[in-house]
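The file input-v2.cif contains mmCIF, C-alpha atoms:
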```
data_target
loop_
_atom_site.group_PDB
_atom_site.id
_atom_site.type_symbol
_atom_site.label_atom_id
_atom_site.label_comp_id
_atom_site.auth_asym_id
_atom_site.auth_seq_id
_atom_site.Cartn_x
_atom_site.Cartn_y
_atom_site.Cartn_z
ATOM 1 C CA MET A 16 -22.209 -68.891 -36.611
ATOM 2 C CA ASP A 17 -22.410 -65.159 -36.134
ATOM 3 C CA VAL A 18 -25.428 -64.725 -38.357
ATOM 4 C CA ASP A 19 -28.729 -65.495 -36.702
ATOM 5 C CA ALA A 20 -30.958 -68.077 -38.397
ATOM 6 C CA THR A 21 -33.701 -65.472 -38.708
ATOM 7 C CA TRP A 22 -31.656 -63.540 -41.265
ATOM 8 C CA TYR A 23 -31.307 -66.609 -43.456
ATOM 9 C CA LEU A 24 -35.063 -67.142 -43.251
ATOM 10 C CA VAL A 25 -35.678 -63.489 -44.164
ATOM 11 C CA LEU A 26 -33.361 -63.894 -47.167
ATOM 12 C CA SER A 27 -35.290 -67.009 -48.129
ATOM 13 C CA ALA A 28 -38.607 -65.147 -47.818
ATOM 14 C CA LEU A 29 -37.356 -62.315 -50.042
ATOM 15 C CA LEU A 30 -36.060 -64.730 -52.684
ATOM 16 C CA PHE A 31 -39.328 -66.694 -52.651
ATOM 17 C CA THR A 32 -41.339 -63.507 -53.057
ATOM 18 C CA ILE A 33 -39.218 -62.244 -55.950
ATOM 19 C CA GLY A 34 -39.704 -65.597 -57.680
ATOM 20 C CA GLY A 35 -43.429 -65.536 -57.032
ATOM 21 C CA ALA A 36 -43.760 -61.987 -58.373
ATOM 22 C CA GLY A 37 -41.849 -63.082 -61.470
ATOM 23 C CA VAL A 38 -44.284 -65.944 -62.095
ATOM 24 C CA LEU A 39 -47.184 -63.485 -61.740
ATOM 25 C CA VAL A 40 -45.759 -60.729 -63.940
ATOM 26 C CA ARG A 41 -43.706 -62.324 -66.716
ATOM 27 C CA ARG A 42 -45.406 -63.984 -69.684
ATOM 28 C CA ASN A 43 -42.514 -65.735 -71.406
ATOM 29 C CA PRO A 44 -42.913 -69.406 -70.335
ATOM 30 C CA LEU A 45 -39.144 -69.912 -70.042
ATOM 31 C CA VAL A 46 -38.706 -66.947 -67.705
ATOM 32 C CA MET A 47 -41.701 -68.097 -65.635
ATOM 33 C CA PHE A 48 -39.966 -71.448 -65.310
ATOM 34 C CA MET A 49 -36.766 -69.780 -64.098
ATOM 35 C CA CYS A 50 -38.811 -67.948 -61.483
ATOM 36 C CA VAL A 51 -40.129 -71.301 -60.241
ATOM 37 C CA GLU A 52 -36.483 -72.359 -59.841
ATOM 38 C CA LEU A 53 -35.886 -69.228 -57.742
ATOM 39 C CA MET A 54 -38.769 -70.223 -55.469
ATOM 40 C CA LEU A 55 -37.391 -73.760 -55.094
ATOM 41 C CA ASN A 56 -34.004 -72.329 -54.130
ATOM 42 C CA ALA A 57 -35.598 -70.098 -51.519
ATOM 43 C CA VAL A 58 -37.210 -73.153 -49.959
ATOM 44 C CA ASN A 59 -33.860 -74.964 -50.044
ATOM 45 C CA ILE A 60 -32.209 -72.123 -48.125
ATOM 46 C CA SER A 61 -34.816 -72.343 -45.396
ATOM 47 C CA PHE A 62 -34.482 -76.150 -45.196
ATOM 48 C CA VAL A 63 -30.715 -75.872 -44.744
ATOM 49 C CA THR A 64 -31.217 -73.147 -42.135
ATOM 50 C CA PHE A 65 -33.613 -75.287 -40.137
ATOM 51 C CA ALA A 66 -31.263 -78.267 -40.454
ATOM 52 C CA ARG A 67 -28.508 -76.196 -38.862
ATOM 53 C CA MET A 68 -30.824 -74.715 -36.258
ATOM 54 C CA LEU A 69 -32.275 -78.036 -35.106
ATOM 55 C CA ASN A 70 -28.992 -79.914 -35.627
ATOM 56 C CA ASP A 71 -30.746 -82.488 -37.804
ATOM 57 C CA THR A 72 -29.473 -84.067 -41.025
ATOM 58 C CA GLY A 73 -33.035 -84.573 -42.277
ATOM 59 C CA GLY A 74 -33.295 -81.011 -43.555
ATOM 60 C CA GLN A 75 -30.296 -81.464 -45.805
ATOM 61 C CA VAL A 76 -31.635 -84.790 -47.104
ATOM 62 C CA VAL A 77 -34.876 -83.050 -48.069
ATOM 63 C CA VAL A 78 -32.868 -80.455 -50.007
ATOM 64 C CA PHE A 79 -31.168 -83.313 -51.860
ATOM 65 C CA PHE A 80 -34.575 -84.697 -52.883
ATOM 66 C CA VAL A 81 -35.760 -81.234 -53.899
ATOM 67 C CA LEU A 82 -32.751 -80.992 -56.206
ATOM 68 C CA VAL A 83 -33.583 -84.337 -57.830
ATOM 69 C CA VAL A 84 -37.251 -83.462 -58.282
ATOM 70 C CA ALA A 85 -36.304 -80.031 -59.655
ATOM 71 C CA ALA A 86 -34.076 -81.675 -62.252
ATOM 72 C CA ALA A 87 -36.896 -84.019 -63.330
ATOM 73 C CA GLU A 88 -39.392 -81.149 -63.362
ATOM 74 C CA VAL A 89 -37.139 -79.000 -65.547
ATOM 75 C CA VAL A 90 -36.683 -81.828 -68.052
ATOM 76 C CA VAL A 91 -40.407 -82.493 -68.415
ATOM 77 C CA GLY A 92 -41.373 -78.809 -68.295
ATOM 78 C CA LEU A 93 -38.901 -77.795 -70.967
ATOM 79 C CA GLY A 94 -40.110 -80.731 -73.077
ATOM 80 C CA ILE A 95 -43.666 -79.396 -72.830
ATOM 81 C CA ILE A 96 -42.524 -75.848 -73.664
ATOM 82 C CA VAL A 97 -40.591 -77.112 -76.703
ATOM 83 C CA ALA A 98 -43.636 -79.070 -77.891
ATOM 84 C CA ILE A 99 -45.951 -76.045 -77.476
ATOM 85 C CA LEU A 100 -43.619 -73.533 -79.087
ATOM 86 C CA ARG A 101 -43.042 -75.867 -82.036
ATOM 87 C CA ARG A 102 -46.750 -75.832 -82.844
ATOM 88 C CA GLN A 103 -47.279 -72.189 -81.979
ATOM 89 C CA PRO A 104 -44.049 -70.192 -82.393
ATOM 90 C CA GLY A 105 -43.753 -67.159 -80.174
ATOM 91 C CA ALA A 106 -46.542 -68.280 -77.844
ATOM 92 C CA ASP A 107 -46.640 -66.742 -74.380
ATOM 93 C CA ALA A 108 -48.572 -67.700 -71.281
ATOM 94 C CA ASP A 109 -51.726 -65.920 -72.477
ATOM 95 C CA ASP A 110 -51.851 -67.840 -75.757
ATOM 96 C CA ILE A 111 -51.828 -71.248 -74.092
ATOM 97 C CA SER A 112 -55.498 -71.368 -73.193
ATOM 98 C CA LEU A 113 -56.696 -74.565 -74.895
ATOM 99 C CA LEU A 114 -57.708 -76.160 -71.587
ATOM 100 C CA ARG A 115 -59.886 -73.229 -70.628
ATOM 101 C CA GLY A 116 -62.964 -75.055 -71.882
ATOM 102 C CA MET B 2 -17.530 -60.944 -38.276
ATOM 103 C CA VAL B 3 -16.401 -62.868 -41.355
ATOM 104 C CA ASP B 4 -19.684 -64.782 -41.303
ATOM 105 C CA THR B 5 -21.633 -61.540 -41.351
ATOM 106 C CA ILE B 6 -19.659 -60.184 -44.315
ATOM 107 C CA VAL B 7 -20.109 -63.448 -46.228
ATOM 108 C CA PHE B 8 -23.830 -63.442 -45.502
ATOM 109 C CA VAL B 9 -24.308 -59.832 -46.608
ATOM 110 C CA LEU B 10 -22.348 -60.358 -49.825
ATOM 111 C CA ALA B 11 -24.170 -63.616 -50.618
ATOM 112 C CA ALA B 12 -27.534 -61.995 -49.919
ATOM 113 C CA LEU B 13 -26.696 -59.105 -52.238
ATOM 114 C CA VAL B 14 -25.642 -61.517 -54.988
ATOM 115 C CA ILE B 15 -28.772 -63.652 -54.530
ATOM 116 C CA LEU B 16 -31.251 -60.795 -54.456
ATOM 117 C CA SER B 17 -29.712 -58.794 -57.293
ATOM 118 C CA GLY B 18 -29.537 -61.959 -59.403
ATOM 119 C CA ALA B 19 -33.174 -62.751 -58.636
ATOM 120 C CA LEU B 20 -34.260 -59.222 -59.568
ATOM 121 C CA GLY B 21 -32.195 -59.566 -62.733
ATOM 122 C CA VAL B 22 -34.066 -62.759 -63.646
ATOM 123 C CA ILE B 23 -37.470 -61.095 -63.488
ATOM 124 C CA LEU B 24 -36.440 -57.700 -64.904
ATOM 125 C CA ALA B 25 -34.237 -58.731 -67.858
ATOM 126 C CA ARG B 26 -35.983 -58.433 -71.216
ATOM 127 C CA ASN B 27 -33.869 -61.042 -72.931
ATOM 128 C CA PRO B 28 -34.364 -64.649 -71.687
ATOM 129 C CA VAL B 29 -30.643 -65.318 -72.139
ATOM 130 C CA HIS B 30 -29.837 -62.544 -69.653
ATOM 131 C CA SER B 31 -32.415 -64.013 -67.282
ATOM 132 C CA ALA B 32 -30.672 -67.395 -67.461
ATOM 133 C CA LEU B 33 -27.272 -65.822 -66.755
ATOM 134 C CA MET B 34 -28.702 -63.911 -63.788
ATOM 135 C CA LEU B 35 -30.173 -67.202 -62.562
ATOM 136 C CA ILE B 36 -26.639 -68.670 -62.507
ATOM 137 C CA MET B 37 -25.547 -65.743 -60.325
ATOM 138 C CA THR B 38 -28.357 -66.401 -57.863
ATOM 139 C CA LEU B 39 -27.581 -70.116 -57.765
ATOM 140 C CA PHE B 40 -23.929 -69.441 -56.948
ATOM 141 C CA GLY B 41 -25.042 -67.119 -54.147
ATOM 142 C CA VAL B 42 -27.266 -69.884 -52.777
ATOM 143 C CA ALA B 43 -24.275 -72.259 -52.900
ATOM 144 C CA VAL B 44 -22.291 -69.745 -50.816
ATOM 145 C CA VAL B 45 -25.131 -69.655 -48.275
ATOM 146 C CA PHE B 46 -25.045 -73.469 -48.142
ATOM 147 C CA VAL B 47 -21.296 -73.427 -47.431
ATOM 148 C CA ALA B 48 -21.802 -70.795 -44.736
ATOM 149 C CA GLN B 49 -24.314 -73.117 -43.067
ATOM 150 C CA GLU B 50 -21.973 -76.122 -43.311
ATOM 151 C CA ALA B 51 -23.938 -77.989 -45.982
ATOM 152 C CA HIS B 52 -20.836 -78.642 -48.069
ATOM 153 C CA PHE B 53 -22.163 -81.544 -50.128
ATOM 154 C CA LEU B 54 -25.310 -79.636 -51.045
ATOM 155 C CA ALA B 55 -23.237 -76.631 -52.107
ATOM 156 C CA ALA B 56 -21.273 -78.847 -54.506
ATOM 157 C CA VAL B 57 -24.457 -80.447 -55.847
ATOM 158 C CA GLN B 58 -26.042 -77.013 -56.224
ATOM 159 C CA VAL B 59 -23.210 -75.822 -58.456
ATOM 160 C CA ILE B 60 -22.960 -79.049 -60.466
ATOM 161 C CA VAL B 61 -26.657 -79.812 -60.966
ATOM 162 C CA TYR B 62 -28.261 -76.369 -60.984
ATOM 163 C CA ALA B 63 -25.637 -74.056 -62.429
ATOM 164 C CA GLY B 64 -24.036 -76.782 -64.509
ATOM 165 C CA ALA B 65 -26.940 -78.808 -65.858
ATOM 166 C CA ILE B 66 -30.275 -77.084 -65.397
ATOM 167 C CA VAL B 67 -29.247 -73.617 -66.589
ATOM 168 C CA VAL B 68 -27.401 -75.130 -69.554
ATOM 169 C CA LEU B 69 -30.637 -76.961 -70.407
ATOM 170 C CA PHE B 70 -32.499 -73.643 -70.216
ATOM 171 C CA LEU B 71 -29.966 -71.989 -72.530
ATOM 172 C CA PHE B 72 -30.187 -74.921 -74.959
ATOM 173 C CA VAL B 73 -33.963 -74.567 -75.156
ATOM 174 C CA ILE B 74 -33.755 -70.770 -75.552
ATOM 175 C CA MET B 75 -31.329 -71.133 -78.436
ATOM 176 C CA LEU B 76 -33.179 -74.117 -79.942
ATOM 177 C CA LEU B 77 -36.469 -72.254 -80.097
ATOM 178 C CA GLY B 78 -34.907 -68.995 -81.204
ATOM 179 C CA VAL B 79 -36.803 -67.011 -78.595
ATOM 180 C CA ASP B 80 -33.689 -65.096 -77.585
ATOM 181 C CA GLN B 81 -35.041 -61.784 -78.824
ATOM 182 C CA ALA B 82 -36.106 -59.247 -76.244
ATOM 183 C CA ASP B 83 -39.650 -59.282 -74.924
ATOM 184 C CA SER B 84 -41.603 -56.067 -74.802
ATOM 185 C CA ILE B 85 -42.221 -55.701 -71.097
ATOM 186 C CA GLU B 86 -43.561 -52.158 -71.281
ATOM 187 C CA THR B 87 -47.018 -53.169 -72.443
ATOM 188 C CA GLU B 88 -49.257 -54.586 -69.770
ATOM 189 C CA PRO B 89 -51.752 -57.049 -71.285
ATOM 190 C CA ILE B 90 -54.034 -57.248 -68.270
ATOM 191 C CA GLY B 91 -54.810 -53.894 -66.676
ATOM 192 C CA GLY B 92 -53.598 -53.539 -63.108
ATOM 193 C CA GLN B 93 -51.765 -56.856 -63.122
ATOM 194 C CA ARG B 94 -48.416 -55.449 -62.038
ATOM 195 C CA PRO B 95 -49.652 -53.294 -59.155
ATOM 196 C CA ALA B 96 -51.693 -56.279 -57.956
ATOM 197 C CA ALA B 97 -48.625 -58.537 -58.193
ATOM 198 C CA GLY B 98 -46.613 -55.954 -56.242
ATOM 199 C CA VAL B 99 -49.240 -55.839 -53.483
ATOM 200 C CA VAL B 100 -49.334 -59.650 -53.306
ATOM 201 C CA ALA B 101 -45.518 -59.762 -53.162
ATOM 202 C CA LEU B 102 -45.306 -57.186 -50.360
ATOM 203 C CA ALA B 103 -48.037 -58.921 -48.369
ATOM 204 C CA SER B 104 -46.439 -62.347 -48.744
ATOM 205 C CA VAL B 105 -42.956 -61.101 -47.828
ATOM 206 C CA GLY B 106 -44.429 -59.547 -44.688
ATOM 207 C CA LEU B 107 -46.237 -62.736 -43.758
ATOM 208 C CA LEU B 108 -43.201 -64.919 -44.477
ATOM 209 C CA VAL B 109 -40.903 -62.735 -42.358
ATOM 210 C CA LEU B 110 -43.403 -62.882 -39.492
ATOM 211 C CA LEU B 111 -43.534 -66.649 -39.923
ATOM 212 C CA ALA B 112 -39.722 -66.866 -39.936
ATOM 213 C CA VAL B 113 -39.378 -64.908 -36.702
ATOM 214 C CA ARG B 114 -42.092 -67.005 -35.079
ATOM 215 C CA ALA B 115 -40.566 -70.276 -36.343
ATOM 216 C CA VAL B 116 -37.180 -69.408 -34.869
ATOM 217 C CA GLN B 117 -38.807 -68.756 -31.502
ATOM 218 C CA VAL B 118 -40.958 -71.872 -31.532
ATOM 219 C CA SER B 119 -38.617 -74.499 -32.937
ATOM 220 C CA SER B 120 -35.587 -73.728 -30.766
ATOM 221 C CA GLY B 121 -36.401 -76.528 -28.331
ATOM 222 C CA ALA B 122 -36.669 -79.730 -30.370
ATOM 223 C CA ARG B 123 -33.207 -80.876 -31.396
ATOM 224 C CA SER B 124 -32.398 -84.062 -33.223
ATOM 225 C CA THR B 125 -31.098 -87.018 -31.274
ATOM 226 C CA SER B 126 -30.849 -89.738 -33.913
ATOM 227 C CA SER B 127 -29.193 -87.967 -36.857
ATOM 228 C CA ALA B 128 -27.283 -85.008 -35.469
ATOM 229 C CA LEU B 129 -25.396 -82.700 -37.775
ATOM 230 C CA ASP B 130 -22.510 -82.026 -35.395
ATOM 231 C CA GLY B 131 -20.144 -84.614 -33.922
ATOM 232 C CA GLU B 132 -17.833 -87.105 -35.598
ATOM 233 C CA GLY B 133 -17.403 -87.387 -39.365
ATOM 234 C CA THR B 134 -17.797 -85.098 -42.322
ATOM 235 C CA ASN B 135 -21.045 -83.612 -43.624
ATOM 236 C CA LEU B 136 -20.992 -86.020 -46.561
ATOM 237 C CA GLU B 137 -20.650 -89.073 -44.309
ATOM 238 C CA LYS B 138 -23.590 -88.098 -42.143
ATOM 239 C CA LEU B 139 -25.763 -87.253 -45.122
ATOM 240 C CA ALA B 140 -24.937 -90.560 -46.815
ATOM 241 C CA ARG B 141 -25.659 -92.586 -43.681
ATOM 242 C CA VAL B 142 -29.108 -91.055 -43.275
ATOM 243 C CA LEU B 143 -29.857 -91.197 -46.993
ATOM 244 C CA PHE B 144 -29.094 -94.911 -47.319
ATOM 245 C CA THR B 145 -30.835 -95.993 -44.104
ATOM 246 C CA ASP B 146 -33.819 -93.838 -43.126
ATOM 247 C CA TYR B 147 -34.558 -92.450 -46.581
ATOM 248 C CA LEU B 148 -33.636 -95.496 -48.676
ATOM 249 C CA PHE B 149 -37.118 -96.019 -50.099
ATOM 250 C CA ALA B 150 -37.424 -92.362 -51.090
ATOM 251 C CA PHE B 151 -33.994 -92.548 -52.688
ATOM 252 C CA GLU B 152 -35.014 -95.545 -54.811
ATOM 253 C CA ALA B 153 -38.265 -93.786 -55.723
ATOM 254 C CA THR B 154 -36.325 -90.794 -57.034
ATOM 255 C CA SER B 155 -34.358 -93.076 -59.345
ATOM 256 C CA ALA B 156 -37.657 -94.281 -60.830
ATOM 257 C CA LEU B 157 -38.763 -90.653 -61.080
ATOM 258 C CA LEU B 158 -35.680 -89.729 -63.086
ATOM 259 C CA VAL B 159 -36.200 -92.604 -65.525
ATOM 260 C CA ILE B 160 -39.850 -91.614 -66.000
ATOM 261 C CA ALA B 161 -38.801 -87.984 -66.557
ATOM 262 C CA VAL B 162 -36.317 -89.014 -69.246
ATOM 263 C CA VAL B 163 -38.943 -91.130 -71.040
ATOM 264 C CA GLY B 164 -41.461 -88.304 -70.764
ATOM 265 C CA ALA B 165 -39.035 -85.769 -72.196
ATOM 266 C CA VAL B 166 -38.259 -88.030 -75.166
ATOM 267 C CA VAL B 167 -41.961 -88.585 -75.874
ATOM 268 C CA LEU B 168 -42.787 -84.881 -75.564
ATOM 269 C CA ALA B 169 -39.922 -83.461 -77.580
ATOM 270 C CA ARG B 170 -40.043 -86.009 -80.429
ATOM 271 C CA LYS B 171 -41.255 -84.744 -83.778
ATOM 272 C CA PRO B 172 -44.303 -86.684 -84.986
ATOM 273 C CA ALA B 173 -43.420 -89.070 -87.801
ATOM 274 C CA ALA B 174 -44.520 -88.284 -91.366
ATOM 275 C CA GLU B 175 -47.277 -90.904 -91.707
ATOM 276 C CA ASP B 176 -48.492 -89.903 -88.266
ATOM 277 C CA VAL B 177 -49.186 -86.403 -89.560
ATOM 278 C CA GLN B 178 -50.909 -87.886 -92.623
ATOM 279 C CA ASP B 179 -53.126 -89.984 -90.356
ATOM 280 C CA ARG B 180 -54.100 -86.951 -88.366
ATOM 281 C CA LYS B 181 -55.050 -85.035 -91.462
ATOM 282 C CA GLY B 182 -57.212 -87.983 -92.546
ATOM 283 C CA VAL B 183 -58.959 -88.318 -89.211
ATOM 284 C CA GLY B 184 -59.717 -84.638 -88.991
ATOM 285 C CA ALA B 185 -59.458 -81.979 -86.362
ATOM 286 C CA LEU B 186 -60.105 -84.311 -83.450
ATOM 287 C CA GLY B 187 -57.136 -86.528 -84.319
ATOM 288 C CA ARG B 188 -56.153 -89.621 -82.415
ATOM 289 C CA THR B 189 -54.437 -90.188 -79.157
ATOM 290 C CA ARG B 190 -50.673 -90.251 -79.221
ATOM 291 C CA SER B 191 -50.475 -93.824 -78.012
ATOM 292 C CA GLY B 192 -52.577 -94.910 -80.979
ATOM 293 C CA SER B 193 -49.716 -94.254 -83.379
ATOM 294 C CA GLY B 194 -47.820 -97.162 -81.846
ATOM 295 C CA ARG B 195 -44.386 -95.495 -81.779
#
```

Would it be possible to restate this file's structure as structure tokens?
Amino acid sequence: MDVDATWYLVLSALLFTIGGAGVLVRRNPLVMFMCVELMLNAVNISFVTFARMLNDTGGQVVVFFVLVVAAAEVVVGLGIIVAILRRQPGADADDISLLRG
Amino acid sequence: MVDTIVFVLAALVILSGALGVILARNPVHSALMLIMTLFGVAVVFVAQEAHFLAAVQVIVYAGAIVVLFLFVIMLLGVDQADSIETEPIGGQRPAAGVVALASVGLLVLLAVRAVQVSSGARSTSSALDGEGTNLEKLARVLFTDYLFAFEATSALLVIAVVGAVVLARKPAAEDVQDRKGVGALGRTRSGSGR
């Protein structure tokens, strides 16, 4: 336990920010989705760090649930992307504006 | 000393993989860089003694989720490179950079503050140290305190599977005919009865 918990949290902050910047900048829906996965992983790192810091198993259990929800989210999200790209091949995030009203 | 080296190497792998995800032009390269990041995160989990989560991270994320991504990329044939030179909305990238820098600053401040504040309250009921392996402790808490949430996630997974089947299914032939007959407004999906 040489490494201070703060460094893990800083790593988590950097990873979360890179993922967030990716969601803002990229327009390919699949790559945006991967960036959301990066953000989820950043949150997982901070949960595990706090679990170690506070000596509590609860943090690790939350990470387990985040993994399950991420799996479900990826399945449904990729299903939606497949359905959209089948109707509109080569669509990017700017083309999907039907709900704009 | 060893811990520090492991942390620095894992951090380099994680951050370079993450930058690779957002900078690669080809979505396939992005997916492969994502695997690199996920392995780095698994190393960080091992370094923090979350051994079960490290195993699950490799099996579920690197094994299943990224393979699903690659399947979809290949299925849709969108594996050609994007043009990332053109900027569709003027000033979007500088604005995103400013937002990223601001949020990383805020999050680091928050991290430092959180470490100072939360150093006092330590768990008494479900401690991570002490007798037994990491897996044993995690299982005991999961099947007692978090049992309802655990059952709820099983329902969530079933619903996700049903949703994916409904979304990804090609509409049947007569269904398409019906829609053409009804006109541009169409009918709701549930109306087709299948």

Exercise answer, chain A residues close to chain B, 8 Å and only C-alpha atoms, as a count of residues only: 60

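Note that atom CA of A:Ala108 and atom CA of B:Gly92 are 17.1 Å apart.
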
For stretch 58-62 of chain B, what centre and edge lengths in Å (one decimal) does the axis-aligned box get once 6 Å is added on each side of all its listed atoms, as JSON?
```
{"center_x": -25.6, "center_y": -77.8, "center_z": -58.6, "size_x": 17.3, "size_y": 16.0, "size_z": 16.8}
```

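Minimum atom-to-atom distances from A:Ala85, A:Val77, A:Ile96, A:Asp19 to A:Glu52 were compared using all atoms listed in the file, and the lowest value belongs to A:Ala85.
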
Atom CA of A:Val38 to atom CA of B:Val59, distance in Å rounded to a single decimal: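 Straight-line distance from atom CA of A:Val38 to atom CA of B:Val59 works out to 23.6 Å.
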
Would you work out the distance separating atom CA of A:Val58 from atom CA of B:His30, expressed in Å to one decimal?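 Atom CA of B:His30 lies at a distance of 23.6 Å from atom CA of A:Val58.
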
What would stretch 73-93 of chain A look like with N, CA and C atoms in place, written as a PDB file, keeping the file's coordinate frame?
```pdb
ATOM      1  N   GLY A  73     -31.857 -84.402 -41.432  1.00  0.00           N
ATOM      2  CA  GLY A  73     -33.035 -84.573 -42.277  1.00  0.00           C
ATOM      3  C   GLY A  73     -33.295 -83.402 -43.205  1.00  0.00           C
ATOM      4  N   GLY A  74     -33.065 -82.183 -42.722  1.00  0.00           N
ATOM      5  CA  GLY A  74     -33.295 -81.011 -43.555  1.00  0.00           C
ATOM      6  C   GLY A  74     -32.433 -81.027 -44.800  1.00  0.00           C
ATOM      7  N   GLN A  75     -31.181 -81.435 -44.638  1.00  0.00           N
ATOM      8  CA  GLN A  75     -30.296 -81.464 -45.805  1.00  0.00           C
ATOM      9  C   GLN A  75     -30.684 -82.579 -46.767  1.00  0.00           C
ATOM     10  N   VAL A  76     -31.193 -83.708 -46.220  1.00  0.00           N
ATOM     11  CA  VAL A  76     -31.635 -84.790 -47.104  1.00  0.00           C
ATOM     12  C   VAL A  76     -32.828 -84.327 -47.943  1.00  0.00           C
ATOM     13  N   VAL A  77     -33.726 -83.544 -47.318  1.00  0.00           N
ATOM     14  CA  VAL A  77     -34.876 -83.050 -48.069  1.00  0.00           C
ATOM     15  C   VAL A  77     -34.404 -82.148 -49.207  1.00  0.00           C
ATOM     16  N   VAL A  78     -33.384 -81.320 -48.948  1.00  0.00           N
ATOM     17  CA  VAL A  78     -32.868 -80.455 -50.007  1.00  0.00           C
ATOM     18  C   VAL A  78     -32.323 -81.300 -51.161  1.00  0.00           C
ATOM     19  N   PHE A  79     -31.670 -82.405 -50.823  1.00  0.00           N
ATOM     20  CA  PHE A  79     -31.168 -83.313 -51.860  1.00  0.00           C
ATOM     21  C   PHE A  79     -32.314 -83.807 -52.741  1.00  0.00           C
ATOM     22  N   PHE A  80     -33.432 -84.212 -52.101  1.00  0.00           N
ATOM     23  CA  PHE A  80     -34.575 -84.697 -52.883  1.00  0.00           C
ATOM     24  C   PHE A  80     -35.190 -83.574 -53.705  1.00  0.00           C
ATOM     25  N   VAL A  81     -35.219 -82.365 -53.134  1.00  0.00           N
ATOM     26  CA  VAL A  81     -35.760 -81.234 -53.899  1.00  0.00           C
ATOM     27  C   VAL A  81     -34.922 -81.005 -55.156  1.00  0.00           C
ATOM     28  N   LEU A  82     -33.606 -81.155 -55.034  1.00  0.00           N
ATOM     29  CA  LEU A  82     -32.751 -80.992 -56.206  1.00  0.00           C
ATOM     30  C   LEU A  82     -33.075 -82.023 -57.278  1.00  0.00           C
ATOM     31  N   VAL A  83     -33.281 -83.281 -56.854  1.00  0.00           N
ATOM     32  CA  VAL A  83     -33.583 -84.337 -57.830  1.00  0.00           C
ATOM     33  C   VAL A  83     -34.913 -84.056 -58.513  1.00  0.00           C
ATOM     34  N   VAL A  84     -35.926 -83.703 -57.706  1.00  0.00           N
ATOM     35  CA  VAL A  84     -37.251 -83.462 -58.282  1.00  0.00           C
ATOM     36  C   VAL A  84     -37.214 -82.232 -59.192  1.00  0.00           C
ATOM     37  N   ALA A  85     -36.412 -81.214 -58.803  1.00  0.00           N
ATOM     38  CA  ALA A  85     -36.304 -80.031 -59.655  1.00  0.00           C
ATOM     39  C   ALA A  85     -35.693 -80.387 -60.992  1.00  0.00           C
ATOM     40  N   ALA A  86     -34.694 -81.271 -60.991  1.00  0.00           N
ATOM     41  CA  ALA A  86     -34.076 -81.675 -62.252  1.00  0.00           C
ATOM     42  C   ALA A  86     -35.111 -82.369 -63.142  1.00  0.00           C
ATOM     43  N   ALA A  87     -35.883 -83.308 -62.547  1.00  0.00           N
ATOM     44  CA  ALA A  87     -36.896 -84.019 -63.330  1.00  0.00           C
ATOM     45  C   ALA A  87     -37.959 -83.060 -63.858  1.00  0.00           C
ATOM     46  N   GLU A  88     -38.349 -82.107 -62.993  1.00  0.00           N
ATOM     47  CA  GLU A  88     -39.392 -81.149 -63.362  1.00  0.00           C
ATOM     48  C   GLU A  88     -38.922 -80.273 -64.522  1.00  0.00           C
ATOM     49  N   VAL A  89     -37.656 -79.852 -64.475  1.00  0.00           N
ATOM     50  CA  VAL A  89     -37.139 -79.000 -65.547  1.00  0.00           C
ATOM     51  C   VAL A  89     -37.123 -79.760 -66.863  1.00  0.00           C
ATOM     52  N   VAL A  90     -36.741 -81.045 -66.817  1.00  0.00           N
ATOM     53  CA  VAL A  90     -36.683 -81.828 -68.052  1.00  0.00           C
ATOM     54  C   VAL A  90     -38.067 -81.939 -68.678  1.00  0.00           C
ATOM     55  N   VAL A  91     -39.062 -82.314 -67.862  1.00  0.00           N
ATOM     56  CA  VAL A  91     -40.407 -82.493 -68.415  1.00  0.00           C
ATOM     57  C   VAL A  91     -41.007 -81.150 -68.825  1.00  0.00           C
ATOM     58  N   GLY A  92     -40.811 -80.117 -67.982  1.00  0.00           N
ATOM     59  CA  GLY A  92     -41.373 -78.809 -68.295  1.00  0.00           C
ATOM     60  C   GLY A  92     -40.810 -78.228 -69.573  1.00  0.00           C
ATOM     61  N   LEU A  93     -39.494 -78.325 -69.749  1.00  0.00           N
ATOM     62  CA  LEU A  93     -38.901 -77.795 -70.967  1.00  0.00           C
ATOM     63  C   LEU A  93     -39.352 -78.608 -72.174  1.00  0.00           C
TER      64      LEU A  93
END
```
